[in-house]
file input_23.cif (mmCIF, C-alpha atoms)
data_structure
#
loop_
_atom_site.label_atom_id
_atom_site.label_comp_id
_atom_site.auth_asym_id
_atom_site.auth_seq_id
_atom_site.Cartn_x
_atom_site.Cartn_y
_atom_site.Cartn_z
CA MET A 1 0.00 0.00 0.00
CA ALA A 2 1.28 3.49 -0.83
CA LEU A 3 2.28 5.83 1.97
CA ARG A 4 -0.48 8.10 3.20
CA ALA A 5 -0.16 11.17 5.39
CA GLY A 6 -2.37 13.69 7.12
CA VAL A 7 -1.42 16.92 8.88
CA ALA A 8 -3.21 19.36 11.16
CA GLU A 9 -2.49 22.20 13.56
CA LEU A 10 -4.12 24.00 16.48
CA LYS A 11 -3.20 27.04 18.55
CA ILE A 12 -2.04 26.34 22.10
CA THR A 13 -1.35 29.95 23.07
CA PRO A 14 -1.78 30.25 26.85
CA PRO A 15 -3.78 32.99 28.52
CA VAL A 16 -1.88 36.17 29.34
CA GLY A 17 -0.85 36.21 32.98
CA MET A 18 0.65 32.72 33.02
CA ASP A 19 4.26 32.40 34.11
CA LEU A 20 6.78 32.06 31.32
CA THR A 21 9.67 29.65 31.69
CA GLY A 22 13.32 29.27 30.73
CA TYR A 23 14.84 32.00 32.90
CA ALA A 24 15.18 32.01 36.69
CA ASP A 25 15.22 35.78 37.22
CA ARG A 26 12.21 36.76 35.09
CA GLU A 27 10.32 39.39 37.12
CA GLY A 28 6.67 38.60 36.71
CA PRO A 29 4.30 36.66 34.44
CA SER A 30 3.48 37.09 30.77
CA THR A 31 1.92 40.44 29.84
CA THR A 32 0.88 40.02 26.21
CA VAL A 33 1.01 37.71 23.18
CA HIS A 34 3.57 38.61 20.56
CA ASP A 35 2.80 35.59 18.37
CA ASP A 36 0.78 32.42 18.82
CA LEU A 37 2.05 29.04 19.95
CA TRP A 38 1.03 25.96 17.96
CA CYS A 39 0.60 22.23 18.19
CA ARG A 40 1.25 20.64 14.79
CA GLY A 41 0.70 16.97 14.10
CA LEU A 42 1.53 14.54 11.32
CA VAL A 43 0.16 11.02 10.87
CA LEU A 44 1.87 8.56 8.49
CA ASP A 45 0.35 5.24 7.41
CA ASP A 46 1.85 2.55 5.16
CA GLY A 47 -1.03 0.10 5.52
CA ALA A 48 0.71 -1.95 8.20
CA THR A 49 2.00 0.66 10.66
CA ARG A 50 0.93 4.14 11.62
CA LEU A 51 3.31 6.75 13.04
CA GLY A 52 2.59 10.13 14.59
CA ILE A 53 4.82 13.18 15.03
CA VAL A 54 3.79 16.10 17.23
CA ALA A 55 5.61 19.47 17.28
CA LEU A 56 4.79 21.70 20.26
CA ASP A 57 5.81 25.34 20.71
CA LEU A 58 6.85 24.73 24.32
CA LEU A 59 10.11 24.68 26.28
CA GLY A 60 9.63 21.00 27.01
CA VAL A 61 7.34 18.53 28.72
CA ASP A 62 8.08 16.28 31.67
CA PHE A 63 7.40 12.54 31.74
CA PRO A 64 3.96 12.80 33.43
CA LEU A 65 2.71 15.25 30.79
CA ASP A 66 4.24 13.17 27.99
CA ALA A 67 2.42 10.10 29.34
CA ALA A 68 -0.87 12.01 29.47
CA ILE A 69 -0.42 13.24 25.91
CA ARG A 70 0.42 9.73 24.76
CA ARG A 71 -2.68 8.24 26.42
CA GLU A 72 -5.05 10.64 24.67
CA ALA A 73 -3.32 11.52 21.41
CA ALA A 74 -2.16 8.07 20.28
CA PRO A 75 -5.68 6.54 20.18
CA ALA A 76 -7.03 9.72 18.57
CA GLY A 77 -4.54 9.25 15.75
CA GLY A 78 -5.18 5.52 15.50
CA LEU A 79 -1.66 4.52 16.48
CA ALA A 80 0.12 2.65 19.25
CA PRO A 81 1.57 4.80 22.07
CA GLU A 82 5.16 3.85 21.19
CA CYS A 83 4.58 5.09 17.64
CA LEU A 84 4.03 8.70 18.74
CA LEU A 85 6.96 11.15 18.90
CA VAL A 86 6.41 14.38 20.84
CA ASN A 87 9.01 17.09 20.16
CA CYS A 88 9.16 20.54 21.75
CA SER A 89 10.67 23.59 20.05
CA HIS A 90 12.31 24.79 23.30
CA THR A 91 11.09 28.36 23.15
CA HIS A 92 12.06 30.36 26.25
CA ALA A 93 9.11 32.67 25.66
CA GLY A 94 6.48 30.02 26.32
CA PRO A 95 4.48 28.98 29.38
CA ALA A 96 5.76 26.98 32.32
CA VAL A 97 4.43 23.45 31.87
CA ALA A 98 7.20 21.16 33.10
CA ARG A 99 7.94 21.39 36.81
CA LEU A 100 11.34 23.07 36.74
CA THR A 101 12.64 24.50 39.99
CA SER A 102 12.58 28.34 40.00
CA LEU A 103 11.65 28.57 36.29
CA GLY A 104 8.05 29.69 36.68
CA SER A 105 4.97 28.11 38.26
CA PRO A 106 2.97 25.85 35.95
CA ASN A 107 -0.74 26.54 35.45
CA GLU A 108 -2.49 23.25 36.17
CA ALA A 109 -5.57 24.08 34.09
CA TYR A 110 -3.44 24.83 31.04
CA ILE A 111 -1.42 21.66 31.51
CA ALA A 112 -4.60 19.62 31.82
CA SER A 113 -5.84 21.05 28.52
CA LEU A 114 -2.80 20.08 26.48
CA PRO A 115 -3.40 16.31 26.03
CA GLY A 116 -6.87 16.99 24.66
CA LYS A 117 -5.58 19.59 22.25
CA VAL A 118 -2.85 17.27 20.97
CA ALA A 119 -5.44 14.51 20.63
CA GLU A 120 -7.66 16.84 18.60
CA VAL A 121 -4.78 17.62 16.24
CA MET A 122 -3.91 13.95 15.81
CA GLY A 123 -7.53 13.06 15.18
CA LEU A 124 -7.81 15.76 12.52
CA ALA A 125 -4.55 14.61 10.89
CA ALA A 126 -5.69 10.96 10.86
CA GLY A 127 -8.92 12.03 9.19
CA ARG A 128 -7.05 13.69 6.34
CA LEU A 129 -4.89 10.79 5.19
CA ALA A 130 -3.99 11.03 1.53
CA GLN A 131 -1.35 9.40 -0.64
CA VAL A 132 1.94 11.28 -0.53
CA SER A 133 5.45 11.23 -1.88
CA VAL A 134 8.43 12.31 0.22
CA THR A 135 11.60 14.18 -0.68
CA PHE A 136 14.60 14.92 1.52
CA GLY A 137 16.90 17.89 1.23
CA ALA A 138 19.43 19.88 3.23
CA ALA A 139 20.87 23.37 2.93
CA PRO A 140 23.60 25.32 4.73
CA VAL A 141 22.43 27.82 7.34
CA ARG A 142 23.84 29.52 10.41
CA VAL A 143 21.25 30.54 12.96
CA GLY A 144 23.04 29.14 16.01
CA ILE A 145 26.48 29.44 17.54
CA ASN A 146 28.28 27.39 20.16
CA ARG A 147 27.65 29.16 23.46
CA ARG A 148 30.43 27.73 25.64
CA GLU A 149 32.88 30.63 25.72
CA ARG A 150 36.19 30.35 27.54
CA THR A 151 37.14 33.51 29.42
CA ALA A 152 40.62 34.88 30.10
CA ASP A 153 40.76 33.10 33.46
CA GLY A 154 39.92 29.75 31.83
CA SER A 155 36.34 29.45 33.07
CA ILE A 156 33.40 28.62 30.79
CA ILE A 157 30.48 31.03 30.49
CA LEU A 158 27.33 31.22 28.36
CA GLY A 159 28.63 33.42 25.57
CA ARG A 160 29.95 33.00 22.04
CA ASN A 161 32.40 30.37 20.83
CA PRO A 162 32.76 30.79 17.06
CA GLU A 163 35.27 27.94 16.92
CA GLY A 164 33.01 25.48 18.70
CA ILE A 165 30.78 22.90 17.08
CA ARG A 166 27.35 24.03 15.84
CA ASP A 167 24.65 22.95 13.44
CA GLU A 168 25.63 24.02 9.93
CA ARG A 169 22.61 22.81 7.95
CA VAL A 170 18.88 22.41 8.05
CA ARG A 171 17.36 19.05 7.15
CA VAL A 172 13.98 19.08 5.36
CA LEU A 173 11.29 16.51 4.57
CA ASP A 174 8.75 17.68 1.98
CA LEU A 175 5.49 15.71 1.81
CA ARG A 176 3.44 16.18 -1.36
CA ASP A 177 0.07 14.85 -2.41
CA GLY A 178 -0.76 13.16 -5.72
CA GLY A 179 -1.15 16.53 -7.41
CA GLY A 180 2.31 17.65 -6.38
CA GLU A 181 1.10 20.11 -3.73
CA THR A 182 3.07 20.26 -0.50
CA LEU A 183 1.00 19.20 2.50
CA ALA A 184 3.70 19.60 5.12
CA VAL A 185 7.32 20.69 5.27
CA ILE A 186 9.25 19.29 8.22
CA PHE A 187 12.54 20.96 9.11
CA ASN A 188 15.09 20.04 11.75
CA TYR A 189 17.86 22.21 13.18
CA ALA A 190 19.59 22.56 16.55
CA CYS A 191 19.45 25.95 18.27
CA HIS A 192 18.00 27.20 21.55
CA GLY A 193 14.96 29.48 21.45
CA THR A 194 16.74 32.20 23.43
CA THR A 195 16.88 35.20 21.14
CA MET A 196 14.78 36.99 23.76
CA GLY A 197 16.02 36.99 27.35
CA GLY A 198 14.53 36.93 30.81
CA GLU A 199 13.50 40.56 30.48
CA ASN A 200 10.90 39.54 27.90
CA HIS A 201 7.32 39.03 29.09
CA GLU A 202 5.67 38.47 25.71
CA ILE A 203 4.50 35.01 24.69
CA SER A 204 6.30 33.90 21.53
CA ALA A 205 7.32 30.83 19.54
CA GLU A 206 10.70 32.58 19.11
CA TRP A 207 12.83 32.34 15.94
CA MET A 208 11.44 28.87 15.21
CA GLY A 209 7.92 30.27 15.11
CA ALA A 210 9.04 33.17 12.94
CA ALA A 211 10.48 30.68 10.45
CA CYS A 212 7.19 28.77 10.40
CA GLN A 213 5.23 31.98 9.87
CA GLN A 214 7.35 32.92 6.88
CA LEU A 215 7.18 29.44 5.37
CA ARG A 216 3.41 29.46 5.68
CA THR A 217 3.17 32.55 3.48
CA ARG A 218 6.03 31.82 1.09
CA LEU A 219 5.25 28.19 0.20
CA PRO A 220 2.49 27.66 -2.38
CA GLY A 221 -0.74 26.21 -1.09
CA ARG A 222 0.02 27.25 2.51
CA PRO A 223 1.21 23.84 3.76
CA VAL A 224 1.72 23.14 7.46
CA PRO A 225 5.31 23.91 8.56
CA MET A 226 6.66 21.67 11.32
CA PHE A 227 9.86 22.50 13.17
CA LEU A 228 11.63 19.69 15.02
CA GLN A 229 14.24 20.83 17.53
CA GLY A 230 17.60 19.12 17.42
CA CYS A 231 20.33 18.58 20.01
CA CYS A 232 20.93 22.22 20.94
CA GLY A 233 22.19 21.82 24.51
CA ASN A 234 25.30 23.90 23.73
CA ILE A 235 23.91 26.04 20.88
CA ASN A 236 22.34 29.50 21.21
CA PRO A 237 21.06 31.90 18.52
CA GLU A 238 23.81 33.91 16.84
CA ARG A 239 22.11 37.19 17.66
CA GLU A 240 23.46 40.72 17.55
CA HIS A 241 21.00 41.92 20.19
CA ARG A 242 17.80 40.88 21.91
CA GLY A 243 14.61 41.98 20.23
CA PHE A 244 11.75 40.70 18.14
CA ASP A 245 13.31 42.24 15.03
CA GLN A 246 16.20 39.83 15.60
CA VAL A 247 13.74 36.97 16.09
CA ALA A 248 12.21 37.79 12.70
CA GLN A 249 15.63 38.08 11.06
CA LEU A 250 16.79 34.68 12.30
CA GLY A 251 13.45 33.15 11.35
CA GLY A 252 13.77 34.61 7.87
CA ARG A 253 17.28 33.22 7.52
CA MET A 254 15.99 29.78 8.42
CA ALA A 255 12.99 30.07 6.08
CA ASP A 256 15.35 30.92 3.21
CA ALA A 257 17.40 27.81 3.94
CA VAL A 258 14.32 25.57 4.23
CA LEU A 259 13.09 26.81 0.85
CA ALA A 260 16.52 26.15 -0.68
CA ALA A 261 16.60 22.64 0.80
CA ALA A 262 13.07 21.88 -0.41
CA GLY A 263 13.89 23.21 -3.85
CA SER A 264 16.79 20.79 -4.28
CA ALA A 265 15.28 17.86 -2.36
CA GLN A 266 15.41 14.39 -3.88
CA PRO A 267 12.80 11.61 -3.66
CA VAL A 268 13.33 9.09 -0.88
CA ARG A 269 11.78 5.73 -0.18
CA ALA A 270 9.39 6.39 2.71
CA GLU A 271 8.27 2.84 3.50
CA PRO A 272 8.09 0.77 5.60
CA LEU A 273 7.25 2.55 8.84
CA ARG A 274 8.60 1.27 12.15
CA ALA A 275 8.96 2.58 15.71
CA ARG A 276 10.89 1.73 18.84
CA LEU A 277 10.47 3.61 22.16
CA SER A 278 12.66 2.53 25.06
CA ARG A 279 13.00 3.74 28.62
CA THR A 280 16.58 3.59 29.76
CA GLU A 281 18.71 5.11 32.51
CA LEU A 282 21.78 7.33 32.44
CA SER A 283 24.45 7.33 35.13
CA LEU A 284 24.50 10.21 37.61
CA GLN A 285 27.38 11.46 39.69
CA ASP A 286 27.29 10.54 43.34
CA PRO A 287 25.97 13.12 45.80
CA PRO A 288 28.60 15.43 47.27
CA SER A 289 29.96 14.77 50.71
CA PRO A 290 27.82 16.03 53.61
CA GLU A 291 30.36 18.79 54.22
CA VAL A 292 30.12 20.04 50.64
CA ALA A 293 26.34 19.64 50.63
CA ARG A 294 26.04 21.73 53.80
CA ALA A 295 28.28 24.39 52.29
CA ASN A 296 26.15 24.46 49.14
CA LEU A 297 23.01 24.82 51.25
CA ALA A 298 24.55 27.69 53.20
CA GLN A 299 25.46 29.39 49.92
CA ALA A 300 21.91 28.97 48.60
CA GLU A 301 20.44 30.33 51.83
CA ALA A 302 22.77 33.34 51.68
CA ALA A 303 21.73 34.06 48.08
CA ALA A 304 18.05 33.88 49.04
CA LYS A 305 18.61 36.18 52.00
CA GLN A 306 20.51 38.65 49.84
CA VAL A 307 17.76 39.06 47.20
CA ARG A 308 15.12 39.33 49.94
CA GLN A 309 17.03 42.06 51.77
CA ALA A 310 17.69 43.86 48.49
CA GLY A 311 13.95 44.08 47.87
CA ARG A 312 14.12 42.13 44.63
CA HIS A 313 10.97 41.14 42.75
CA PRO A 314 8.92 38.42 44.51
CA TYR A 315 9.50 36.10 41.52
CA VAL A 316 13.27 36.37 42.05
CA VAL A 317 12.89 35.70 45.77
CA ARG A 318 10.67 32.70 44.99
CA ALA A 319 13.30 31.34 42.60
CA ARG A 320 16.06 31.61 45.19
CA ASP A 321 13.88 29.92 47.81
CA ALA A 322 13.31 27.05 45.39
CA LEU A 323 17.06 26.59 45.04
CA VAL A 324 17.34 26.45 48.82
CA ALA A 325 14.80 23.62 48.82
CA TYR A 326 16.88 21.83 46.16
CA ALA A 327 20.05 22.19 48.24
CA GLN A 328 18.19 20.72 51.23
CA GLN A 329 17.13 17.78 49.07
CA ILE A 330 20.74 17.10 48.01
CA LEU A 331 21.90 17.30 51.61
CA ARG A 332 19.38 14.61 52.54
CA LEU A 333 20.68 12.41 49.70
CA SER A 334 24.26 12.98 50.85
CA GLU A 335 23.51 12.10 54.45
CA ALA A 336 21.64 8.95 53.35
CA GLY A 337 24.92 7.68 51.94
CA GLU A 338 23.48 5.99 48.87
CA ARG A 339 25.34 5.89 45.56
CA ASP A 340 24.87 4.86 41.91
CA TYR A 341 21.81 6.95 41.20
CA LYS A 342 20.33 6.81 37.70
CA LEU A 343 18.39 9.30 35.57
CA PRO A 344 15.35 8.01 33.64
CA PHE A 345 15.72 8.77 29.94
CA ALA A 346 13.64 8.07 26.83
CA VAL A 347 15.12 7.05 23.48
CA GLN A 348 12.92 6.66 20.42
CA ALA A 349 13.62 5.73 16.82
CA LEU A 350 11.14 6.12 13.97
CA ALA A 351 11.88 4.63 10.55
CA ILE A 352 10.25 6.25 7.53
CA GLY A 353 11.75 4.10 4.80
CA GLU A 354 15.34 5.28 4.36
CA VAL A 355 14.84 8.20 6.76
CA ALA A 356 15.12 7.85 10.54
CA LEU A 357 14.15 10.15 13.38
CA VAL A 358 15.75 9.74 16.80
CA GLY A 359 14.02 11.35 19.78
CA LEU A 360 16.03 11.98 22.97
CA SER A 361 14.49 13.23 26.20
CA GLY A 362 17.14 15.76 27.14
CA GLU A 363 19.00 18.94 26.37
CA VAL A 364 21.61 17.00 24.46
CA PHE A 365 24.88 18.56 23.29
CA PHE A 366 25.08 18.82 19.53
CA ASP A 367 28.29 16.77 19.49
CA PHE A 368 26.24 13.63 20.16
CA SER A 369 24.05 14.27 17.13
CA GLY A 370 27.00 13.58 14.84
CA GLU A 371 27.92 10.43 16.75
CA ILE A 372 24.40 9.05 16.42
CA GLU A 373 24.19 9.94 12.73
CA ALA A 374 27.49 8.15 12.13
CA ALA A 375 26.17 5.02 13.87
CA SER A 376 22.88 5.03 11.97
CA PRO A 377 22.24 2.45 9.22
CA PHE A 378 19.82 4.88 7.49
CA ALA A 379 20.61 7.13 4.55
CA HIS A 380 19.27 10.15 6.43
CA THR A 381 18.98 10.52 10.22
CA LEU A 382 17.43 13.43 12.09
CA VAL A 383 18.48 13.52 15.75
CA LEU A 384 16.09 15.39 18.04
CA GLY A 385 16.34 16.59 21.62
CA TYR A 386 13.44 17.65 23.86
CA SER A 387 11.42 14.63 22.75
CA ASN A 388 8.99 12.53 24.80
CA GLY A 389 9.91 14.41 27.97
CA CYS A 390 13.00 16.31 29.05
CA THR A 391 15.11 15.36 32.07
CA GLY A 392 18.06 17.76 31.79
CA TYR A 393 21.28 18.50 29.96
CA VAL A 394 23.48 15.77 28.49
CA PRO A 395 26.97 17.31 28.20
CA THR A 396 30.02 15.66 26.69
CA PRO A 397 32.72 14.26 29.00
CA GLN A 398 34.96 17.14 27.88
CA ALA A 399 32.34 19.70 28.88
CA ILE A 400 31.89 18.01 32.26
CA ALA A 401 35.64 18.29 32.82
CA GLU A 402 35.65 21.95 31.73
CA GLY A 403 32.69 22.93 33.89
CA GLY A 404 30.24 25.73 33.19
CA TYR A 405 26.49 26.17 33.39
CA GLU A 406 25.34 22.95 31.73
CA PRO A 407 27.40 20.42 33.73
CA ASP A 408 27.72 22.40 36.98
CA ALA A 409 24.47 24.32 37.57
CA SER A 410 21.64 23.40 35.21
CA PHE A 411 20.77 20.16 36.98
CA ARG A 412 19.43 22.17 39.95
CA TYR A 413 16.45 23.27 37.85
CA TYR A 414 15.67 19.64 36.96
CA GLU A 415 16.06 18.61 40.62
CA THR A 416 18.59 15.94 39.89
CA LEU A 417 22.25 15.20 40.41
CA PRO A 418 24.68 16.06 37.60
CA LEU A 419 25.24 13.43 34.94
CA ALA A 420 28.31 11.24 35.08
CA PRO A 421 30.83 11.47 32.21
CA ALA A 422 29.68 8.04 30.98
CA ALA A 423 26.07 9.17 30.50
CA GLY A 424 26.52 10.52 27.00
CA ARG A 425 28.02 7.28 25.77
CA GLU A 426 25.18 5.33 27.38
CA MET A 427 22.69 7.48 25.48
CA VAL A 428 24.50 7.06 22.15
CA VAL A 429 24.62 3.27 22.58
CA ALA A 430 20.88 3.20 23.34
CA ALA A 431 20.09 5.37 20.31
CA ALA A 432 22.24 3.28 17.99
CA GLY A 433 20.54 0.12 19.24
CA ALA A 434 17.09 1.58 18.65
CA LEU A 435 18.08 2.55 15.12
CA ARG A 436 19.33 -0.95 14.38
CA GLU A 437 16.08 -2.43 15.64
CA VAL A 438 13.85 -0.30 13.40
CA ALA A 439 16.16 -0.89 10.44
CA GLN A 440 15.59 -4.64 10.52
CA VAL A 441 13.20 -6.00 7.91
#
call {"tool": "encode", "arguments": {"input": "input_23.cif", "output": "structure tokens"}}
result
Amino acid sequence: MALRAGVAELKITPPVGMDLTGYADREGPSTTVHDDLWCRGLVLDDGATRLGIVALDLLGVDFPLDAAIRREAAPAGGLAPECLLVNCSHTHAGPAVARLTSLGSPNEAYIASLPGKVAEVMGLAAGRLAQVSVTFGAAPVRVGINRRERTADGSIILGRNPEGIRDERVRVLDLRDGGGETLAVIFNYACHGTTMGGENHEISAEWMGAACQQLRTRLPGRPVPMFLQGCCGNINPEREHRGFDQVAQLGGRMADAVLAAAGSAQPVRAEPLRARLSRTELSLQDPPSPEVARANLAQAEAAAKQVRQAGRHPYVVRARDALVAYAQQILRLSEAGERDYKLPFAVQALAIGEVALVGLSGEVFFDFSGEIEAASPFAHTLVLGYSNGCTGYVPTPQAIAEGGYEPDASFRYYETLPLAPAAGREMVVAAAGALREVAQV
């Protein structure tokens, strides 16, 4: 049976007044909507297997929300739960939905509405199945830059590292109906949605949304654009300043590249369809000694006291108090004396003929994307972060040795211990295994 596909989309813009997420020191909730957030869904069917891909304009989802989405959206699309991939764009101008310490308070009513909205999109997409052909293309583009900058004293900060690894190309899947009209254009690239900073209080899908907006108007027939975020753990936008004009500029640069890739795309075999979703574990570092844990707690308490005495915004005080609670939690783990903790992690592989998608549930460093591509038996492999949940950063062993925000501080917001140097390799091995499984005839 020929491959069939259906696509649909629905706005998921939250109400103004909800907390935004992504920055710890944001002073207050959202104040207006700059541009809408979307849920976009694709259903693929080869007669034997049905796959679903969901693209959400959100920072990320946690495992409980991913499970809720899977329970409602998979049946609505007529597919098995393991055949659904949920990818988030990682906009830092979106609502707090995952429970991240000090990064905004989630709105429970909004969270509860999301599974139903995703299910509605998947149901609509499944009801629009039509025979399609698929082409794959790629084009050079530079929207992101490596953000791990080494300072004069040798420390690593979140800045600009022009010599560091970054994503140099956008990968595009163009799905066309029997009349040659594009139904959906799927594009994958790795770059944080952080053009706007913590001073921003406007809801936005960031540069990724700006690219989708431009593609919607520039492609004939107004097909549905779907952005799939890659492994951008160490990649930020290469911006000159913060501002929505810069968001539009970066989005336009990406739209130009997507159009170039689609224009030169070549037909690919898009059958059969297969899926593999596994739940694995990554190694964590042991808790610090009780002495170090107590010192960290004292430091967190001092920081909270300082912002309170300085009369800082209540949101900033709340964020510091949350970090105190985290430090107390780590002290309890340290005093318990247990070791060999593990971090739950999801790895998914979807096979669409000679194209594979790999979904990873973390803020994965881009370096690992190349390793997984190299291990893949498929002609084309798209490696995605922020998929099917998000449990924290996955830095390289070198980055862990160097230090900096991702290996040394980010784990506090995910309420976990830092990853061990072996964790990245464990993830790559799991991804390569999943790819081999879905490649088998």
call {"tool": "resolve_selection", "arguments": {"input": "input_23.cif", "expression": "the PyMOL selection byres ((chain A and resi 307-316) around 8)", "output": "PyMOL selection string"}}
result
chain A and resi 24-28+303-306+317-320
call {"tool": "residues_around", "arguments": {"input": "input_23.cif", "residues": "Val86 of chain A", "least_positions_apart": "5", "cutoff": "8 Å", "atoms": "all atoms listed in the file", "output": "PyMOL selection string"}}
result
chain A and resi 53-56+66+387-389
call {"tool": "residues_around", "arguments": {"input": "input_23.cif", "residues": "Gly127 of chain A", "least_positions_apart": "5", "cutoff": "10 Å", "atoms": "all atoms listed in the file", "output": "number ranges by chain"}}
result
A: 5-8, 43, 76-78, 121-122
call {"tool": "write_last_selection", "arguments": {"input": "input_23.cif", "atoms": "C-alpha atoms", "output": "mmCIF file, in the frame of the given file"}}
result
data_model
loop_
_atom_site.group_PDB
_atom_site.id
_atom_site.type_symbol
_atom_site.label_atom_id
_atom_site.label_comp_id
_atom_site.auth_asym_id
_atom_site.auth_seq_id
_atom_site.Cartn_x
_atom_site.Cartn_y
_atom_site.Cartn_z
ATOM 1 C CA ALA A 5 -0.160 11.170 5.390
ATOM 2 C CA GLY A 6 -2.370 13.690 7.120
ATOM 3 C CA VAL A 7 -1.420 16.920 8.880
ATOM 4 C CA ALA A 8 -3.210 19.360 11.160
ATOM 5 C CA VAL A 43 0.160 11.020 10.870
ATOM 6 C CA ALA A 76 -7.030 9.720 18.570
ATOM 7 C CA GLY A 77 -4.540 9.250 15.750
ATOM 8 C CA GLY A 78 -5.180 5.520 15.500
ATOM 9 C CA VAL A 121 -4.780 17.620 16.240
ATOM 10 C CA MET A 122 -3.910 13.950 15.810
#
call {"tool": "closest_residue", "arguments": {"input": "input_23.cif", "among": "A:Ala255, A:Ala327, A:Leu175, A:Val97", "to": "Pro64 of chain A", "atoms": "only C-alpha atoms"}}
result
A:Val97
call {"tool": "closest_residue", "arguments": {"input": "input_23.cif", "among": "A:Pro272, A:Gly104, A:Pro287, A:Pro418", "to": "Gly353 of chain A", "atoms": "only C-alpha atoms"}}
result
A:Pro272
call {"tool": "closest_residue", "arguments": {"input": "input_23.cif", "among": "A:Ala432, A:Gly362, A:Arg412, A:Val394", "to": "Ser376 of chain A", "atoms": "all atoms listed in the file"}}
result
A:Ala432
call {"tool": "closest_residue", "arguments": {"input": "input_23.cif", "among": "A:Ile400, A:Cys231, A:Leu331, A:Ala80", "to": "Thr49 of chain A", "atoms": "only C-alpha atoms"}}
result
A:Ala80
call {"tool": "closest_residue", "arguments": {"input": "input_23.cif", "among": "A:Glu271, A:Asp167, A:Glu120, A:Glu437", "to": "Phe365 of chain A", "atoms": "all atoms listed in the file"}}
result
A:Asp167
call {"tool": "closest_residue", "arguments": {"input": "input_23.cif", "among": "A:Leu42, A:Ala152, A:Val33, A:Val16", "to": "Val224 of chain A", "atoms": "all atoms listed in the file"}}
result
A:Leu42
call {"tool": "resolve_selection", "arguments": {"input": "input_23.cif", "expression": "the PyMOL selection byres ((chain A and resi 144-151) around 10)", "output": "mmCIF file with C-alpha atoms, in the frame of the given file"}}
result
data_model
loop_
_atom_site.group_PDB
_atom_site.id
_atom_site.type_symbol
_atom_site.label_atom_id
_atom_site.label_comp_id
_atom_site.auth_asym_id
_atom_site.auth_seq_id
_atom_site.Cartn_x
_atom_site.Cartn_y
_atom_site.Cartn_z
ATOM 1 C CA VAL A 141 22.430 27.820 7.340
ATOM 2 C CA ARG A 142 23.840 29.520 10.410
ATOM 3 C CA VAL A 143 21.250 30.540 12.960
ATOM 4 C CA ALA A 152 40.620 34.880 30.100
ATOM 5 C CA ASP A 153 40.760 33.100 33.460
ATOM 6 C CA GLY A 154 39.920 29.750 31.830
ATOM 7 C CA SER A 155 36.340 29.450 33.070
ATOM 8 C CA ILE A 156 33.400 28.620 30.790
ATOM 9 C CA ILE A 157 30.480 31.030 30.490
ATOM 10 C CA LEU A 158 27.330 31.220 28.360
ATOM 11 C CA GLY A 159 28.630 33.420 25.570
ATOM 12 C CA ARG A 160 29.950 33.000 22.040
ATOM 13 C CA ASN A 161 32.400 30.370 20.830
ATOM 14 C CA PRO A 162 32.760 30.790 17.060
ATOM 15 C CA GLU A 163 35.270 27.940 16.920
ATOM 16 C CA GLY A 164 33.010 25.480 18.700
ATOM 17 C CA ILE A 165 30.780 22.900 17.080
ATOM 18 C CA ARG A 166 27.350 24.030 15.840
ATOM 19 C CA ASP A 167 24.650 22.950 13.440
ATOM 20 C CA GLU A 168 25.630 24.020 9.930
ATOM 21 C CA TYR A 189 17.860 22.210 13.180
ATOM 22 C CA ALA A 190 19.590 22.560 16.550
ATOM 23 C CA CYS A 191 19.450 25.950 18.270
ATOM 24 C CA HIS A 192 18.000 27.200 21.550
ATOM 25 C CA GLY A 193 14.960 29.480 21.450
ATOM 26 C CA CYS A 232 20.930 22.220 20.940
ATOM 27 C CA GLY A 233 22.190 21.820 24.510
ATOM 28 C CA ASN A 234 25.300 23.900 23.730
ATOM 29 C CA ILE A 235 23.910 26.040 20.880
ATOM 30 C CA ASN A 236 22.340 29.500 21.210
ATOM 31 C CA PRO A 237 21.060 31.900 18.520
ATOM 32 C CA GLU A 238 23.810 33.910 16.840
ATOM 33 C CA ARG A 239 22.110 37.190 17.660
ATOM 34 C CA LEU A 250 16.790 34.680 12.300
ATOM 35 C CA PHE A 365 24.880 18.560 23.290
ATOM 36 C CA PHE A 366 25.080 18.820 19.530
ATOM 37 C CA ALA A 399 32.340 19.700 28.880
ATOM 38 C CA GLU A 402 35.650 21.950 31.730
ATOM 39 C CA GLY A 403 32.690 22.930 33.890
ATOM 40 C CA GLY A 404 30.240 25.730 33.190
ATOM 41 C CA TYR A 405 26.490 26.170 33.390
ATOM 42 C CA GLU A 406 25.340 22.950 31.730
#
call {"tool": "atom_distance", "arguments": {"input": "input_23.cif", "atom1": "atom CA of Asp35 of chain A", "atom2": "atom CA of Ala211 of chain A"}}
result
12.1 Å
call {"tool": "atom_distance", "arguments": {"input": "input_23.cif", "atom1": "atom CA of Leu435 of chain A", "atom2": "atom CA of Leu273 of chain A"}}
result
12.5 Å
call {"tool": "resolve_selection", "arguments": {"input": "input_23.cif", "expression": "the PyMOL selection byres ((chain A and resi 101) around 9)", "output": "PyMOL selection string"}}
result
chain A and resi 24+99-100+102-105+319+322-323+326+412-415
call {"tool": "residues_around", "arguments": {"input": "input_23.cif", "residues": "Asp62 of chain A", "least_positions_apart": "3", "cutoff": "6 Å", "atoms": "only C-alpha atoms", "output": "tab-separated table (two decimals) with C-alpha atoms, in the coordinates of the input"}}
result
chain	number	residue	atom	x	y	z
A	65	LEU	CA	2.71	15.25	30.79
A	98	ALA	CA	7.20	21.16	33.10
A	389	GLY	CA	9.91	14.41	27.97
A	390	CYS	CA	13.00	16.31	29.05
call {"tool": "residues_around", "arguments": {"input": "input_23.cif", "residues": "segment 243-249 of chain A", "least_positions_apart": "5", "cutoff": "10 Å", "atoms": "only C-alpha atoms", "output": "count of residues only"}}
result
23
